[in-house]
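Printed here is start36.txt (compact mmCIF, C-alpha atoms):
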```
# COMPACT_ATOMS: atom_id res chain seq x y z
CA MET A 1 19.32 -145.38 -1.29
CA THR A 2 21.84 -143.96 -3.69
CA LEU A 3 21.11 -142.33 -6.99
CA ASP A 4 22.42 -143.57 -10.29
CA ALA A 5 22.01 -142.76 -13.96
CA TYR A 6 18.76 -144.78 -14.10
CA HIS A 7 17.01 -142.21 -11.91
CA TYR A 8 17.79 -139.50 -14.45
CA LEU A 9 16.81 -141.76 -17.35
CA GLY A 10 13.51 -142.62 -15.65
CA LEU A 11 12.72 -138.95 -15.10
CA GLY A 12 13.65 -138.27 -18.72
CA ALA A 13 11.34 -141.06 -19.92
CA ALA A 14 8.49 -139.69 -17.78
CA LEU A 15 8.89 -136.13 -19.06
CA PHE A 16 9.15 -137.38 -22.65
CA SER A 17 5.95 -139.42 -22.34
CA ILE A 18 4.12 -136.46 -20.77
CA GLY A 19 5.32 -134.26 -23.62
CA VAL A 20 4.02 -136.76 -26.17
CA ILE A 21 0.65 -136.79 -24.37
CA ALA A 22 0.52 -132.99 -24.65
CA VAL A 23 1.48 -133.06 -28.33
CA VAL A 24 -1.15 -135.63 -29.34
CA THR A 25 -4.07 -134.43 -27.19
CA ARG A 26 -3.83 -130.63 -27.23
CA ARG A 27 -5.86 -128.80 -29.85
CA ASN A 28 -4.35 -125.37 -29.23
CA ALA A 29 -1.11 -124.98 -31.18
CA ILE A 30 0.49 -123.36 -28.12
CA GLY A 31 -0.36 -126.52 -26.17
CA VAL A 32 1.49 -128.56 -28.77
CA LEU A 33 4.46 -126.22 -28.35
CA ILE A 34 4.35 -126.85 -24.58
CA GLY A 35 4.58 -130.58 -25.32
CA VAL A 36 7.62 -130.07 -27.55
CA GLU A 37 9.34 -128.05 -24.81
CA LEU A 38 8.68 -130.90 -22.35
CA ILE A 39 10.22 -133.39 -24.80
CA LEU A 40 13.35 -131.25 -25.22
CA ASN A 41 13.64 -130.92 -21.44
CA ALA A 42 13.45 -134.71 -21.17
CA ALA A 43 16.39 -135.01 -23.57
CA ASN A 44 18.32 -132.51 -21.46
CA VAL A 45 17.66 -134.41 -18.24
CA ASN A 46 19.12 -137.53 -19.90
CA LEU A 47 22.19 -135.62 -21.11
CA VAL A 48 22.79 -134.15 -17.65
CA GLY A 49 22.36 -137.57 -16.05
CA PHE A 50 24.96 -139.07 -18.37
CA SER A 51 27.28 -136.14 -17.77
CA ARG A 52 26.94 -136.59 -14.02
CA TYR A 53 27.65 -140.33 -13.93
CA ALA A 54 30.06 -140.73 -16.83
CA GLY A 55 32.13 -137.73 -15.83
CA GLY A 56 33.14 -134.95 -18.19
CA LEU A 57 31.19 -131.91 -19.23
CA ASP A 58 30.38 -132.85 -22.84
CA GLY A 59 26.82 -133.87 -21.94
CA GLN A 60 26.19 -130.44 -20.41
CA VAL A 61 27.56 -128.71 -23.51
CA PHE A 62 25.12 -130.71 -25.65
CA ALA A 63 22.30 -129.81 -23.25
CA LEU A 64 23.23 -126.14 -23.78
CA PHE A 65 22.90 -126.60 -27.53
CA VAL A 66 19.50 -128.25 -27.00
CA ILE A 67 18.41 -125.20 -24.98
CA VAL A 68 19.55 -122.92 -27.83
CA LEU A 69 17.58 -125.03 -30.32
CA ALA A 70 14.52 -125.00 -28.05
CA ALA A 71 14.58 -121.21 -27.77
CA ALA A 72 14.96 -120.73 -31.54
CA GLU A 73 12.24 -123.30 -32.20
CA ALA A 74 9.85 -121.62 -29.75
CA ALA A 75 10.34 -118.23 -31.42
CA VAL A 76 9.76 -119.55 -34.94
CA ALA A 77 6.83 -121.75 -33.87
CA LEU A 78 5.13 -118.78 -32.18
CA ALA A 79 5.64 -116.70 -35.31
CA ILE A 80 3.93 -119.44 -37.34
CA ILE A 81 1.12 -119.70 -34.78
CA LEU A 82 0.55 -115.93 -34.92
CA GLN A 83 0.46 -116.06 -38.72
CA LEU A 84 -2.02 -118.96 -38.51
CA PHE A 85 -4.16 -116.92 -36.14
CA ASP A 86 -3.98 -113.95 -38.52
CA LYS A 87 -5.18 -116.04 -41.46
CA ARG A 88 -7.78 -118.26 -39.77
CA SER A 89 -8.55 -116.46 -36.47
CA ASP A 90 -8.03 -119.62 -34.45
CA VAL A 91 -5.04 -121.74 -33.43
CA ASP A 92 -6.76 -125.13 -33.47
CA VAL A 93 -4.39 -127.67 -35.01
CA ASP A 94 -7.35 -129.98 -35.74
CA ARG A 95 -8.86 -127.36 -38.03
CA ALA A 96 -5.65 -126.40 -39.80
CA SER A 97 -6.17 -129.16 -42.36
CA THR A 98 -5.79 -127.29 -45.65
CA LEU A 99 -2.99 -129.57 -46.82
CA ARG A 100 -4.93 -132.75 -46.06
CA GLY A 101 -4.97 -135.07 -49.09
CA MET B 1 19.90 -139.60 2.26
CA LEU B 2 19.59 -135.94 1.41
CA GLU B 3 20.55 -136.16 -2.26
CA ALA B 4 17.97 -138.84 -3.01
CA THR B 5 15.26 -136.98 -1.09
CA LEU B 6 15.97 -133.78 -3.00
CA PHE B 7 16.07 -135.67 -6.30
CA TYR B 8 12.63 -137.17 -5.69
CA LEU B 9 11.28 -133.78 -4.59
CA PHE B 10 12.50 -132.04 -7.75
CA ALA B 11 11.49 -134.99 -9.95
CA ALA B 12 7.98 -134.87 -8.44
CA MET B 13 7.85 -131.11 -9.13
CA ALA B 14 8.87 -131.69 -12.75
CA VAL B 15 6.48 -134.59 -13.34
CA VAL B 16 3.48 -133.00 -11.60
CA GLY B 17 4.11 -129.70 -13.39
CA GLY B 18 4.47 -131.52 -16.69
CA LEU B 19 1.28 -133.54 -16.15
CA MET B 20 -0.64 -130.37 -15.30
CA ALA B 21 0.82 -128.67 -18.40
CA ALA B 22 -0.29 -131.61 -20.55
CA LEU B 23 -3.74 -132.20 -19.09
CA LEU B 24 -5.18 -128.98 -17.60
CA PRO B 25 -8.13 -127.85 -19.71
CA ARG B 26 -7.19 -124.18 -19.85
CA ILE B 27 -4.09 -123.23 -21.81
CA VAL B 28 -3.12 -120.39 -19.41
CA HIS B 29 -3.04 -122.81 -16.49
CA ALA B 30 -0.99 -125.21 -18.60
CA VAL B 31 1.65 -122.54 -19.31
CA PHE B 32 1.97 -121.57 -15.66
CA SER B 33 2.24 -125.18 -14.52
CA LEU B 34 5.01 -125.54 -17.08
CA LEU B 35 6.85 -123.08 -14.81
CA LEU B 36 6.67 -125.63 -11.98
CA CYS B 37 8.06 -128.29 -14.32
CA PHE B 38 10.97 -126.08 -15.46
CA LEU B 39 11.83 -125.20 -11.85
CA GLY B 40 11.86 -128.90 -10.97
CA VAL B 41 14.22 -129.61 -13.87
CA THR B 42 16.42 -126.72 -12.73
CA GLY B 43 16.63 -128.33 -9.31
CA ILE B 44 17.65 -131.63 -10.93
CA TYR B 45 20.44 -129.83 -12.81
CA LEU B 46 21.69 -128.22 -9.59
CA LEU B 47 21.64 -131.60 -7.88
CA ALA B 48 23.69 -133.10 -10.72
CA GLY B 49 26.29 -130.37 -10.27
CA ALA B 50 25.38 -128.66 -13.55
CA ASP B 51 25.33 -125.14 -12.15
CA PHE B 52 25.80 -123.23 -15.42
CA LEU B 53 23.09 -125.30 -17.10
CA ALA B 54 20.72 -124.59 -14.20
CA ILE B 55 21.29 -120.85 -14.58
CA THR B 56 20.77 -121.10 -18.34
CA GLN B 57 17.59 -123.11 -17.83
CA LEU B 58 16.24 -120.42 -15.51
CA VAL B 59 17.17 -117.53 -17.81
CA VAL B 60 16.14 -119.08 -21.13
CA TYR B 61 13.08 -121.09 -20.13
CA VAL B 62 11.60 -119.19 -17.20
CA GLY B 63 12.70 -115.78 -18.48
CA GLY B 64 12.38 -116.34 -22.22
CA VAL B 65 10.22 -119.23 -23.37
CA MET B 66 7.59 -118.74 -20.66
CA VAL B 67 7.21 -115.06 -21.53
CA LEU B 68 7.04 -115.97 -25.22
CA LEU B 69 4.29 -118.52 -24.53
CA ALA B 70 2.40 -116.01 -22.38
CA PHE B 71 2.59 -113.45 -25.18
CA GLY B 72 1.41 -116.08 -27.64
CA ILE B 73 -1.66 -116.73 -25.51
CA LEU B 74 -2.32 -113.01 -25.13
CA LEU B 75 -2.17 -112.49 -28.89
CA THR B 76 -4.22 -115.55 -29.84
CA GLY B 77 -6.54 -115.54 -26.81
CA ARG B 78 -10.31 -115.84 -26.70
CA THR B 79 -10.29 -118.56 -29.35
CA ALA B 80 -11.14 -121.51 -27.13
CA GLU B 81 -13.80 -119.59 -25.24
CA ALA B 82 -15.20 -118.11 -28.45
CA LEU B 83 -15.42 -121.55 -30.00
CA GLY B 84 -17.16 -122.84 -26.89
CA GLU B 85 -15.21 -126.05 -27.09
CA LYS B 86 -12.90 -127.92 -24.80
CA GLU B 87 -9.17 -127.41 -25.28
CA VAL B 88 -8.67 -131.18 -25.17
CA ARG B 89 -11.40 -133.25 -26.79
CA PRO B 90 -12.55 -135.85 -24.24
CA ARG B 91 -12.48 -138.59 -26.83
CA HIS B 92 -8.85 -137.76 -27.62
CA ARG B 93 -7.67 -137.61 -24.03
CA LEU B 94 -7.92 -141.29 -23.08
CA PRO B 95 -6.07 -142.63 -26.17
CA GLY B 96 -3.43 -139.94 -25.68
CA VAL B 97 -2.84 -140.83 -22.03
CA VAL B 98 -2.79 -144.56 -22.82
CA LEU B 99 -0.26 -143.91 -25.59
CA GLY B 100 1.88 -141.89 -23.14
CA LEU B 101 1.76 -144.64 -20.49
CA LEU B 102 2.66 -147.31 -23.04
CA LEU B 103 5.52 -145.16 -24.28
CA PHE B 104 6.76 -144.64 -20.70
CA ALA B 105 6.61 -148.36 -19.93
CA GLY B 106 8.33 -149.21 -23.19
CA LEU B 107 11.09 -146.66 -22.63
CA LEU B 108 11.68 -147.84 -19.06
CA ALA B 109 11.77 -151.48 -20.16
CA ALA B 110 14.20 -150.68 -22.97
CA VAL B 111 16.45 -148.62 -20.68
CA MET B 112 16.49 -151.20 -17.90
CA ALA B 113 16.82 -154.27 -20.11
CA SER B 114 19.38 -153.22 -22.67
CA THR B 115 21.74 -150.88 -20.88
CA ASP B 116 24.23 -151.08 -18.05
CA PHE B 117 24.84 -147.63 -16.67
CA ARG B 118 25.32 -148.64 -13.05
CA ALA B 119 29.03 -148.88 -13.57
CA GLY B 120 31.05 -145.70 -13.31
CA GLY B 121 29.78 -142.96 -11.06
CA ALA B 122 32.03 -139.94 -11.24
CA GLU B 123 31.81 -137.27 -8.57
CA PRO B 124 29.89 -134.17 -9.64
CA ALA B 125 32.19 -131.50 -10.96
CA ASP B 126 32.89 -128.60 -8.61
CA GLY B 127 31.91 -125.60 -10.69
CA THR B 128 31.38 -126.24 -14.37
CA ILE B 129 31.51 -122.76 -15.91
CA ALA B 130 35.24 -122.71 -16.70
CA GLY B 131 35.16 -126.23 -18.12
CA ILE B 132 32.08 -125.55 -20.27
CA GLY B 133 33.67 -122.33 -21.54
CA ARG B 134 36.81 -124.21 -22.53
CA LEU B 135 34.79 -126.91 -24.31
CA LEU B 136 32.52 -124.41 -26.09
CA LEU B 137 35.40 -122.35 -27.44
CA GLY B 138 37.67 -125.35 -27.98
CA ASP B 139 36.31 -128.74 -29.05
CA TYR B 140 32.85 -127.44 -29.92
CA ILE B 141 33.75 -124.12 -31.53
CA ILE B 142 32.17 -125.10 -34.88
CA LEU B 143 28.91 -126.09 -33.17
CA PHE B 144 29.06 -122.86 -31.18
CA GLU B 145 29.35 -120.78 -34.35
CA PHE B 146 26.55 -122.75 -36.02
CA ALA B 147 24.36 -122.11 -32.97
CA SER B 148 24.97 -118.36 -33.35
CA ILE B 149 24.02 -118.51 -37.04
CA LEU B 150 20.95 -120.57 -36.18
CA LEU B 151 19.84 -117.98 -33.62
CA LEU B 152 20.33 -115.19 -36.15
CA ILE B 153 18.32 -117.10 -38.77
CA ALA B 154 15.57 -117.84 -36.23
CA LEU B 155 15.44 -114.17 -35.23
CA VAL B 156 15.19 -112.92 -38.81
CA GLY B 157 12.84 -115.72 -39.79
CA ALA B 158 10.47 -115.11 -36.87
CA ALA B 159 10.38 -111.37 -37.62
CA TYR B 160 9.74 -112.13 -41.30
CA LEU B 161 6.97 -114.63 -40.53
CA VAL B 162 4.96 -112.38 -38.21
CA ARG B 163 4.95 -109.33 -40.46
CA ARG B 164 1.60 -108.31 -41.90
CA GLU B 165 1.32 -108.07 -45.62
CA ARG B 166 0.33 -104.60 -46.74
CA ALA B 167 -2.61 -104.70 -49.07
```
Final structure tokens representation of the file:
Amino acid sequence: MTLDAYHYLGLGAALFSIGVIAVVTRRNAIGVLIGVELILNAANVNLVGFSRYAGGLDGQVFALFVIVLAAAEAAVALAIILQLFDKRSDVDVDRASTLRG
Amino acid sequence: MLEATLFYLFAAMAVVGGLMAALLPRIVHAVFSLLLCFLGVTGIYLLAGADFLAITQLVVYVGGVMVLLAFGILLTGRTAEALGEKEVRPRHRLPGVVLGLLLFAGLLAAVMASTDFRAGGAEPADGTIAGIGRLLLGDYIILFEFASILLLIALVGAAYLVRRERA
């Protein structure tokens, strides 16, 4: 049994789907953030898989940029969550519905 | 074959950790099972010969994002318990999981049906740090600079967002 790019793509699809489950079912905003991190990791697994089987390092460079984006996004998202907690004393995304039309 | 065995081991770590992170009722448990997932992904990177990326994954995710999430829970804790409610509403869980499974099946079908990646198959690079350094400061120098600016903006923005307004 040899590995090919499909193994990496399958793992990426699984992690992405799990991340989507976390995003749509979690009520805690930090849980939603966990889901987003899973989704970004899924993208990275795909990029690394392509880099491995197509040759060249460009896929890994893009994965590095995704990691940078994920770190920046986590910091800003946590700042927003803390501000939400300050204003409403909970972090329930179901209740943060002030903008609902 | 050793490579395949290791791949399935690390993939199982990542998927099980991810599932626990998505479905465990307590948010603290979810964050710490995310650690298992990240370690599994790190193993996948090592297996694919992406050594620098594996190190970065460890440092940024396990050392940075995990600590950030843990701090977030510390600072916003006692909400779920105080509310006396479940972190995941039972009536939301089943549709969410069904949606995830459908998405997974659809993605797999799309990948298998419409692509042909079996061709090719380069050997994994032997040490990627020098090559990545050359690419980052050569072909991708503009992106590299933009990433630095983005990090600066995120740093300033996060500090600005969390400040308390003085009354």
Please write as a list in words the list of polymer residues whose atoms come within 10 Å of (21.7, -128.6, -12.1), counting all atoms listed in the file and keeping to the coordinates of the file.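 The distance filter leaves exactly Val45, Val48, Gly49, Arg52 and Gln60 of chain A; Gly40, Val41, Thr42, Gly43, Ile44, Tyr45, Leu46, Leu47, Ala48, Gly49, Ala50, Asp51, Phe52, Leu53, Ala54, Ile55, Thr56 and Gln57 of chain B.
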Wanna dump the chain A-segment 154-163 of chain B contacts at 9 Å for me, each residue with its shortest atom pair and the distance in Å to one decimal, counting all atoms listed in the file, ordered by chain and number, as JSON lines?
```
{"residue": "A:Ala72", "atom": "CA", "partner": "B:Ala154", "partner_atom": "CA", "distance": 5.5}
{"residue": "A:Glu73", "atom": "CA", "partner": "B:Ala154", "partner_atom": "CA", "distance": 7.6}
{"residue": "A:Ala75", "atom": "CA", "partner": "B:Ala158", "partner_atom": "CA", "distance": 6.3}
{"residue": "A:Val76", "atom": "CA", "partner": "B:Ala158", "partner_atom": "CA", "distance": 4.9}
{"residue": "A:Ala77", "atom": "CA", "partner": "B:Ala158", "partner_atom": "CA", "distance": 8.1}
{"residue": "A:Leu78", "atom": "CA", "partner": "B:Ala158", "partner_atom": "CA", "distance": 8.0}
{"residue": "A:Ala79", "atom": "CA", "partner": "B:Val162", "partner_atom": "CA", "distance": 5.2}
{"residue": "A:Ile80", "atom": "CA", "partner": "B:Leu161", "partner_atom": "CA", "distance": 6.5}
{"residue": "A:Ile81", "atom": "CA", "partner": "B:Val162", "partner_atom": "CA", "distance": 8.9}
{"residue": "A:Leu82", "atom": "CA", "partner": "B:Val162", "partner_atom": "CA", "distance": 6.5}
{"residue": "A:Gln83", "atom": "CA", "partner": "B:Val162", "partner_atom": "CA", "distance": 5.8}
```
Selected residue of minimal separation from chain A among B:Leu108, B:Met66, B:Ala113, B:Leu137, counting all atoms listed in the file: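 Smallest separation from chain A among the options: B:Leu108.
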I'd like the interatomic distance between atom CA of Ser97 of chain A and atom CA of Val67 of chain B, to a tenth of an Å.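 So the answer is 28.5 Å.
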Counting all atoms listed in the file, figure out which residue out of B:Gly18, B:Leu2, B:Ile27, B:Leu152 gets nearest to Gly72 of chain B.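 Using all atoms listed in the file, the shortest distance to Gly72 of chain B belongs to B:Ile27.
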